[in-house]
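Asks: Sending over a structure as structure tokens; questions will come in a sec.
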Amino acid sequence: MIPRVHKRGSTTFGLLNYLYGKGTHEEHVDPHLVAAWDSFAPDPGRDPHATKRHLQQLLDQPVQALAESRRPAKHVWHLSVRAAPDDPVLSDEQWGEIARRMVAATGIAPAADEAGCRWAAVRHADDHVHIIATLVREDGRRPRLNNDAKRSQAEARLIETEYGLKQLSTGDGTAAQRPTSAERHKAQRQGRERTAREELRESVRRAVAGARSEEEFFDRLAAAGLLIRKREAPSGDLLGYKVALPDDRNKDGEPVFYPGARLAPDLSLPRIRERWSADFDKTASPASPGHASPNSPSAARRRTATVAWGAIGAVEDGDDAVAAAYISTTGEVLDALAKTSAAHTRSELRDAAFAFERASRSHVRAARGHDRALRQAARDLVHGGPALGRGEDGAATAMAIDMLFFLVTAAAHWHARKGHAQQAEAATRAAEHLRNAYRPAAAQPLGLLYQRGRRLSQPALQRQTALLRETLPSLAERILAEPGWYALAATIAEADAAGHDPAALLSDAVESRELGTADSVSDVLVWRLRRRADLLADAPGTPKNRTAKNSATTRPPAPRTTTSGRRFGDEAPGNTR
């Protein structure tokens, strides 16, 4: 249940006119009174003899009874209470009781206080009610409304428990503004998957990802096809900006503009400027000899995987302000990865970035600068361009998603420790989307590595089995039972041939970060070893036109069970997150 205290107004009749009207886009259906300060209050929605003007006069009587000099300028209080999308449809009687509890909890009309403010609750849709009140009590005093928004949230949590509704988390004021009912109905009519506000928020986030300057930021917005209005001071200094979708128009045919701050708190121009700096690494280390070019999509993904690996430690063990900076910038990396990834992973990556947006903000002030390398990774992804879904691009995408999954999981744990319930839940949802994106991304490269592992000689496999049991005695039997063992065996052989110490690589990969959230330890170790040993993400010596469909014929036969309890039959390695 989502209560929202709106800005106070000065015209009671104006708000009643909206509540009992047809809505901005004919979305109000059967507006009627479900509760009021007086059980005999007129209902213009159901009583043909009642009028909105009569109801307004009754609500305003205590205000008008005061001398004009004592009347509050903003005397109209407005609270909307909306059920969660999955909640059952409540009856008028239930909504009426909820309205009474809300006005009591917020201080509008405390229980057993006969001198409370006058109020009315109007329902014009199945899933919510609006409560209007006038801010002068019957005894002429003003109501005590300190923290009315927080008190309405606390009461909503109690109502959810008592009514068996979906348990929501109390917000902390850092969430992006929700789309209005009118915006949602407009999106439905236009056939949009998301509202204009949500589409704009996503586009602006992508434009911010890795940007260094105002010029680059606004160039990206223009390239995305957005309409832009800039607000300048008389001196010519830029103060703010607004954006609009070209095809989102009001009734007069004019574009509907949204200021950055109305899209999300961290998308105002001053907050975006905090991210910009001139100290990006302009000489980012190139890819290793024989690997992809320094500015290729695969090289950008490999660097992202490396930086994400280091960021996990900063989130898990660092100062809160440093952790907050890394978590915020993780959102930029997810936006950049979604923007530049192949079609078969793009949807889930986009959903991961969309979900993580809520987790990227909290009241912990981010210490900018520490996240410089992660911001550079976002920039590299954008400038590296679109990645193919196969070969080194596809394998490097799987490697990056693997590392980002653990980084996002670390962010969820950090928020949970801090009591940030909404952010922790958002990060958890983002991790699940990354898990879903990882499966198609990893299917081909791990399938090819599996083939290489199966082709290893029996003595070579025996040596690696002995190495595994000696190096990782507590995990060895679990790894050997996993289908991904052959891909790991091929990786160990390749690292050994490249002059690395496989035992040291395995020990480092296991001891550095937790493995508890992985479905397949062997698959996770493949990416950690290949990143640490600087091996090609894709299996070497395989045809570049080989696709995941081709490799599916060599899937391992052993069924397995994931951490979610789902069982897979003949499934290729790669479904590990």
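The way I read the labels, and the way they are meant: chains A, B, ... in the order of the structure tokens, residue 1 as the first residue of every chain, and ligand 1 as the first ligand shown, with later ones counted on from there.
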Skip stretch 75-80 of chain A itself and residues of its chain fewer than 3 positions away, then list as a PDB file with N, CA and C atoms, in the first residue's frame all residues within 7 Å of it, counting only C-alpha atoms.
Replies:
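File part-v3.pdb, as written:
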```
ATOM      1  N   PRO A   3       0.943   5.215   0.324  1.00  0.00           N
ATOM      2  CA  PRO A   3       0.352   6.528   0.593  1.00  0.00           C
ATOM      3  C   PRO A   3       1.270   7.639   0.079  1.00  0.00           C
ATOM      4  N   ARG A   4       0.688   8.707  -0.379  1.00  0.00           N
ATOM      5  CA  ARG A   4       1.483   9.831  -0.866  1.00  0.00           C
ATOM      6  C   ARG A   4       0.819  11.139  -0.467  1.00  0.00           C
ATOM      7  N   VAL A   5       1.536  11.950   0.306  1.00  0.00           N
ATOM      8  CA  VAL A   5       1.056  13.279   0.687  1.00  0.00           C
ATOM      9  C   VAL A   5       1.423  14.239  -0.436  1.00  0.00           C
ATOM     10  N   HIS A   6       0.423  14.876  -1.023  1.00  0.00           N
ATOM     11  CA  HIS A   6       0.652  15.805  -2.134  1.00  0.00           C
ATOM     12  C   HIS A   6       0.884  17.225  -1.609  1.00  0.00           C
ATOM     13  N   ARG A   8       0.258  20.982  -0.685  1.00  0.00           N
ATOM     14  CA  ARG A   8      -0.963  21.627  -0.198  1.00  0.00           C
ATOM     15  C   ARG A   8      -1.473  22.639  -1.216  1.00  0.00           C
ATOM     16  N   GLY A   9      -2.802  22.781  -1.222  1.00  0.00           N
ATOM     17  CA  GLY A   9      -3.422  23.678  -2.184  1.00  0.00           C
ATOM     18  C   GLY A   9      -4.229  24.768  -1.518  1.00  0.00           C
ATOM     19  N   SER A  10      -4.784  25.645  -2.323  1.00  0.00           N
ATOM     20  CA  SER A  10      -5.537  26.784  -1.796  1.00  0.00           C
ATOM     21  C   SER A  10      -6.996  26.780  -2.248  1.00  0.00           C
ATOM     22  N   THR A  11      -7.374  25.807  -3.104  1.00  0.00           N
ATOM     23  CA  THR A  11      -8.736  25.794  -3.639  1.00  0.00           C
ATOM     24  C   THR A  11      -9.366  24.428  -3.405  1.00  0.00           C
ATOM     25  N   THR A  12     -10.269  24.343  -2.469  1.00  0.00           N
ATOM     26  CA  THR A  12     -10.953  23.084  -2.168  1.00  0.00           C
ATOM     27  C   THR A  12     -11.787  22.630  -3.354  1.00  0.00           C
ATOM     28  N   PRO A  72      -5.225  30.075   6.805  1.00  0.00           N
ATOM     29  CA  PRO A  72      -3.991  29.632   6.140  1.00  0.00           C
ATOM     30  C   PRO A  72      -4.105  29.804   4.632  1.00  0.00           C
ATOM     31  N   VAL A 129      -7.709   5.485  -3.326  1.00  0.00           N
ATOM     32  CA  VAL A 129      -8.626   6.547  -2.904  1.00  0.00           C
ATOM     33  C   VAL A 129      -7.828   7.831  -2.712  1.00  0.00           C
ATOM     34  N   HIS A 130      -8.540   8.950  -2.763  1.00  0.00           N
ATOM     35  CA  HIS A 130      -7.953  10.255  -2.467  1.00  0.00           C
ATOM     36  C   HIS A 130      -8.655  10.824  -1.237  1.00  0.00           C
ATOM     37  N   ILE A 131      -7.872  11.378  -0.340  1.00  0.00           N
ATOM     38  CA  ILE A 131      -8.435  11.994   0.864  1.00  0.00           C
ATOM     39  C   ILE A 131      -8.157  13.486   0.797  1.00  0.00           C
ATOM     40  N   ILE A 132      -9.203  14.295   0.876  1.00  0.00           N
ATOM     41  CA  ILE A 132      -9.083  15.740   0.900  1.00  0.00           C
ATOM     42  C   ILE A 132      -9.484  16.223   2.285  1.00  0.00           C
ATOM     43  N   ALA A 133      -8.741  17.176   2.834  1.00  0.00           N
ATOM     44  CA  ALA A 133      -9.064  17.733   4.148  1.00  0.00           C
ATOM     45  C   ALA A 133      -8.747  19.219   4.135  1.00  0.00           C
ATOM     46  N   THR A 134      -9.445  19.964   4.996  1.00  0.00           N
ATOM     47  CA  THR A 134      -9.153  21.395   5.151  1.00  0.00           C
ATOM     48  C   THR A 134      -8.470  21.598   6.494  1.00  0.00           C
ATOM     49  N   LEU A 135      -7.401  22.413   6.498  1.00  0.00           N
ATOM     50  CA  LEU A 135      -6.460  22.447   7.615  1.00  0.00           C
ATOM     51  C   LEU A 135      -6.802  23.466   8.695  1.00  0.00           C
TER      52      LEU A 135
END
```
Asks: Skip A:Arg361 itself and residues of its chain fewer than 2 positions away, then list as a list in words all residues within 9 Å of it, counting only C-alpha atoms.
Replies: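 Selected residues are Thr174, Ala175, Pro265, Asp266, Ala324, Ile327, Ser328, Glu357, Arg358, Ala359, His363, Val364, Arg365 and Gln423 of chain A.
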Asks: Enumerate, as a ChimeraX atom specification, the complete set of residues in stretch 54-227 of chain A that a backbone-based DSSP assignment places in strand (DSSP E).
Replies: /A:76-82,119-125,128-134,227
Asks: Can you pull out every residue within 12 Å of A:Ala187, counting only C-alpha atoms, but drop anything in the same chain fewer than 2 positions away, and send it as a ChimeraX atom specification?
Replies: /A:25,179-185,189-199,247-249
Asks: Keeping N, CA, C and O atoms for every residue in the selection just given, could you write it to a file as a PDB file, in the first residue's frame?
Replies:
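And here is the file that came out, result.pdb:
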```pdb
ATOM      1  N   HIS A  25      -7.494  11.756 -18.644  1.00  0.00           N
ATOM      2  CA  HIS A  25      -7.696  10.952 -19.859  1.00  0.00           C
ATOM      3  C   HIS A  25      -8.839   9.957 -19.669  1.00  0.00           C
ATOM      4  O   HIS A  25      -8.726   8.787 -20.012  1.00  0.00           O
ATOM      5  N   PRO A 179       5.262   7.271 -11.808  1.00  0.00           N
ATOM      6  CA  PRO A 179       4.363   7.808 -12.831  1.00  0.00           C
ATOM      7  C   PRO A 179       2.959   7.990 -12.261  1.00  0.00           C
ATOM      8  O   PRO A 179       2.506   7.195 -11.423  1.00  0.00           O
ATOM      9  N   THR A 180       2.281   9.016 -12.687  1.00  0.00           N
ATOM     10  CA  THR A 180       0.919   9.257 -12.232  1.00  0.00           C
ATOM     11  C   THR A 180      -0.041   8.320 -12.961  1.00  0.00           C
ATOM     12  O   THR A 180       0.309   7.699 -13.970  1.00  0.00           O
ATOM     13  N   SER A 181      -1.266   8.262 -12.466  1.00  0.00           N
ATOM     14  CA  SER A 181      -2.280   7.438 -13.136  1.00  0.00           C
ATOM     15  C   SER A 181      -2.507   7.915 -14.563  1.00  0.00           C
ATOM     16  O   SER A 181      -2.659   7.114 -15.498  1.00  0.00           O
ATOM     17  N   ALA A 182      -2.521   9.237 -14.739  1.00  0.00           N
ATOM     18  CA  ALA A 182      -2.726   9.786 -16.076  1.00  0.00           C
ATOM     19  C   ALA A 182      -1.600   9.372 -17.016  1.00  0.00           C
ATOM     20  O   ALA A 182      -1.836   9.050 -18.190  1.00  0.00           O
ATOM     21  N   GLU A 183      -0.358   9.362 -16.512  1.00  0.00           N
ATOM     22  CA  GLU A 183       0.781   8.958 -17.340  1.00  0.00           C
ATOM     23  C   GLU A 183       0.681   7.481 -17.718  1.00  0.00           C
ATOM     24  O   GLU A 183       0.990   7.098 -18.857  1.00  0.00           O
ATOM     25  N   ARG A 184       0.253   6.649 -16.788  1.00  0.00           N
ATOM     26  CA  ARG A 184       0.127   5.221 -17.084  1.00  0.00           C
ATOM     27  C   ARG A 184      -0.964   4.971 -18.126  1.00  0.00           C
ATOM     28  O   ARG A 184      -0.786   4.171 -19.050  1.00  0.00           O
ATOM     29  N   HIS A 185      -2.102   5.649 -17.970  1.00  0.00           N
ATOM     30  CA  HIS A 185      -3.191   5.469 -18.940  1.00  0.00           C
ATOM     31  C   HIS A 185      -2.772   5.976 -20.315  1.00  0.00           C
ATOM     32  O   HIS A 185      -3.121   5.381 -21.345  1.00  0.00           O
ATOM     33  N   ARG A 189      -2.641   3.804 -23.848  1.00  0.00           N
ATOM     34  CA  ARG A 189      -3.310   4.216 -25.087  1.00  0.00           C
ATOM     35  C   ARG A 189      -2.327   4.293 -26.250  1.00  0.00           C
ATOM     36  O   ARG A 189      -2.675   3.985 -27.386  1.00  0.00           O
ATOM     37  N   GLN A 190      -1.126   4.716 -25.959  1.00  0.00           N
ATOM     38  CA  GLN A 190      -0.122   4.866 -27.010  1.00  0.00           C
ATOM     39  C   GLN A 190       0.637   3.572 -27.297  1.00  0.00           C
ATOM     40  O   GLN A 190       1.494   3.542 -28.180  1.00  0.00           O
ATOM     41  N   GLY A 191       0.317   2.517 -26.537  1.00  0.00           N
ATOM     42  CA  GLY A 191       0.982   1.243 -26.756  1.00  0.00           C
ATOM     43  C   GLY A 191       2.414   1.214 -26.282  1.00  0.00           C
ATOM     44  O   GLY A 191       3.228   0.425 -26.789  1.00  0.00           O
ATOM     45  N   ARG A 192       2.753   2.050 -25.307  1.00  0.00           N
ATOM     46  CA  ARG A 192       4.117   2.083 -24.770  1.00  0.00           C
ATOM     47  C   ARG A 192       4.278   1.037 -23.680  1.00  0.00           C
ATOM     48  O   ARG A 192       3.374   0.820 -22.867  1.00  0.00           O
ATOM     49  N   GLU A 193       5.443   0.407 -23.638  1.00  0.00           N
ATOM     50  CA  GLU A 193       5.742  -0.550 -22.579  1.00  0.00           C
ATOM     51  C   GLU A 193       5.914   0.166 -21.242  1.00  0.00           C
ATOM     52  O   GLU A 193       5.529  -0.352 -20.196  1.00  0.00           O
ATOM     53  N   ARG A 194       6.492   1.368 -21.287  1.00  0.00           N
ATOM     54  CA  ARG A 194       6.707   2.171 -20.084  1.00  0.00           C
ATOM     55  C   ARG A 194       6.189   3.576 -20.324  1.00  0.00           C
ATOM     56  O   ARG A 194       6.004   4.003 -21.470  1.00  0.00           O
ATOM     57  N   THR A 195       5.962   4.309 -19.253  1.00  0.00           N
ATOM     58  CA  THR A 195       5.485   5.685 -19.390  1.00  0.00           C
ATOM     59  C   THR A 195       6.593   6.564 -19.960  1.00  0.00           C
ATOM     60  O   THR A 195       7.773   6.200 -19.955  1.00  0.00           O
ATOM     61  N   ALA A 196       6.201   7.736 -20.424  1.00  0.00           N
ATOM     62  CA  ALA A 196       7.185   8.687 -20.954  1.00  0.00           C
ATOM     63  C   ALA A 196       8.219   9.040 -19.895  1.00  0.00           C
ATOM     64  O   ALA A 196       9.415   9.150 -20.182  1.00  0.00           O
ATOM     65  N   ARG A 197       7.767   9.219 -18.663  1.00  0.00           N
ATOM     66  CA  ARG A 197       8.693   9.547 -17.579  1.00  0.00           C
ATOM     67  C   ARG A 197       9.743   8.450 -17.410  1.00  0.00           C
ATOM     68  O   ARG A 197      10.935   8.725 -17.252  1.00  0.00           O
ATOM     69  N   GLU A 198       9.310   7.191 -17.449  1.00  0.00           N
ATOM     70  CA  GLU A 198      10.239   6.072 -17.262  1.00  0.00           C
ATOM     71  C   GLU A 198      11.190   5.939 -18.452  1.00  0.00           C
ATOM     72  O   GLU A 198      12.387   5.663 -18.280  1.00  0.00           O
ATOM     73  N   GLU A 199      10.681   6.133 -19.667  1.00  0.00           N
ATOM     74  CA  GLU A 199      11.542   6.059 -20.846  1.00  0.00           C
ATOM     75  C   GLU A 199      12.586   7.169 -20.807  1.00  0.00           C
ATOM     76  O   GLU A 199      13.760   6.952 -21.152  1.00  0.00           O
ATOM     77  N   ASP A 247       7.299  12.382 -29.496  1.00  0.00           N
ATOM     78  CA  ASP A 247       5.908  12.011 -29.767  1.00  0.00           C
ATOM     79  C   ASP A 247       5.023  12.032 -28.524  1.00  0.00           C
ATOM     80  O   ASP A 247       3.885  11.559 -28.574  1.00  0.00           O
ATOM     81  N   ASP A 248       5.523  12.572 -27.417  1.00  0.00           N
ATOM     82  CA  ASP A 248       4.704  12.683 -26.199  1.00  0.00           C
ATOM     83  C   ASP A 248       4.199  14.118 -26.099  1.00  0.00           C
ATOM     84  O   ASP A 248       4.959  15.033 -25.735  1.00  0.00           O
ATOM     85  N   ARG A 249       2.928  14.318 -26.434  1.00  0.00           N
ATOM     86  CA  ARG A 249       2.367  15.669 -26.524  1.00  0.00           C
ATOM     87  C   ARG A 249       1.185  15.836 -25.579  1.00  0.00           C
ATOM     88  O   ARG A 249       0.511  14.872 -25.220  1.00  0.00           O
TER      89      ARG A 249
END
```
Asks: Report as a ChimeraX atom specification all protein, DNA and RNA residues lying within 10 Å of stretch 437-442 of chain A, evaluated on only C-alpha atoms, omitting residues in the same chain fewer than 3 positions from it.
Replies: /A:341-342,344-352,389-390,393-402,405,431-434,445-447,523,538,548,572-577
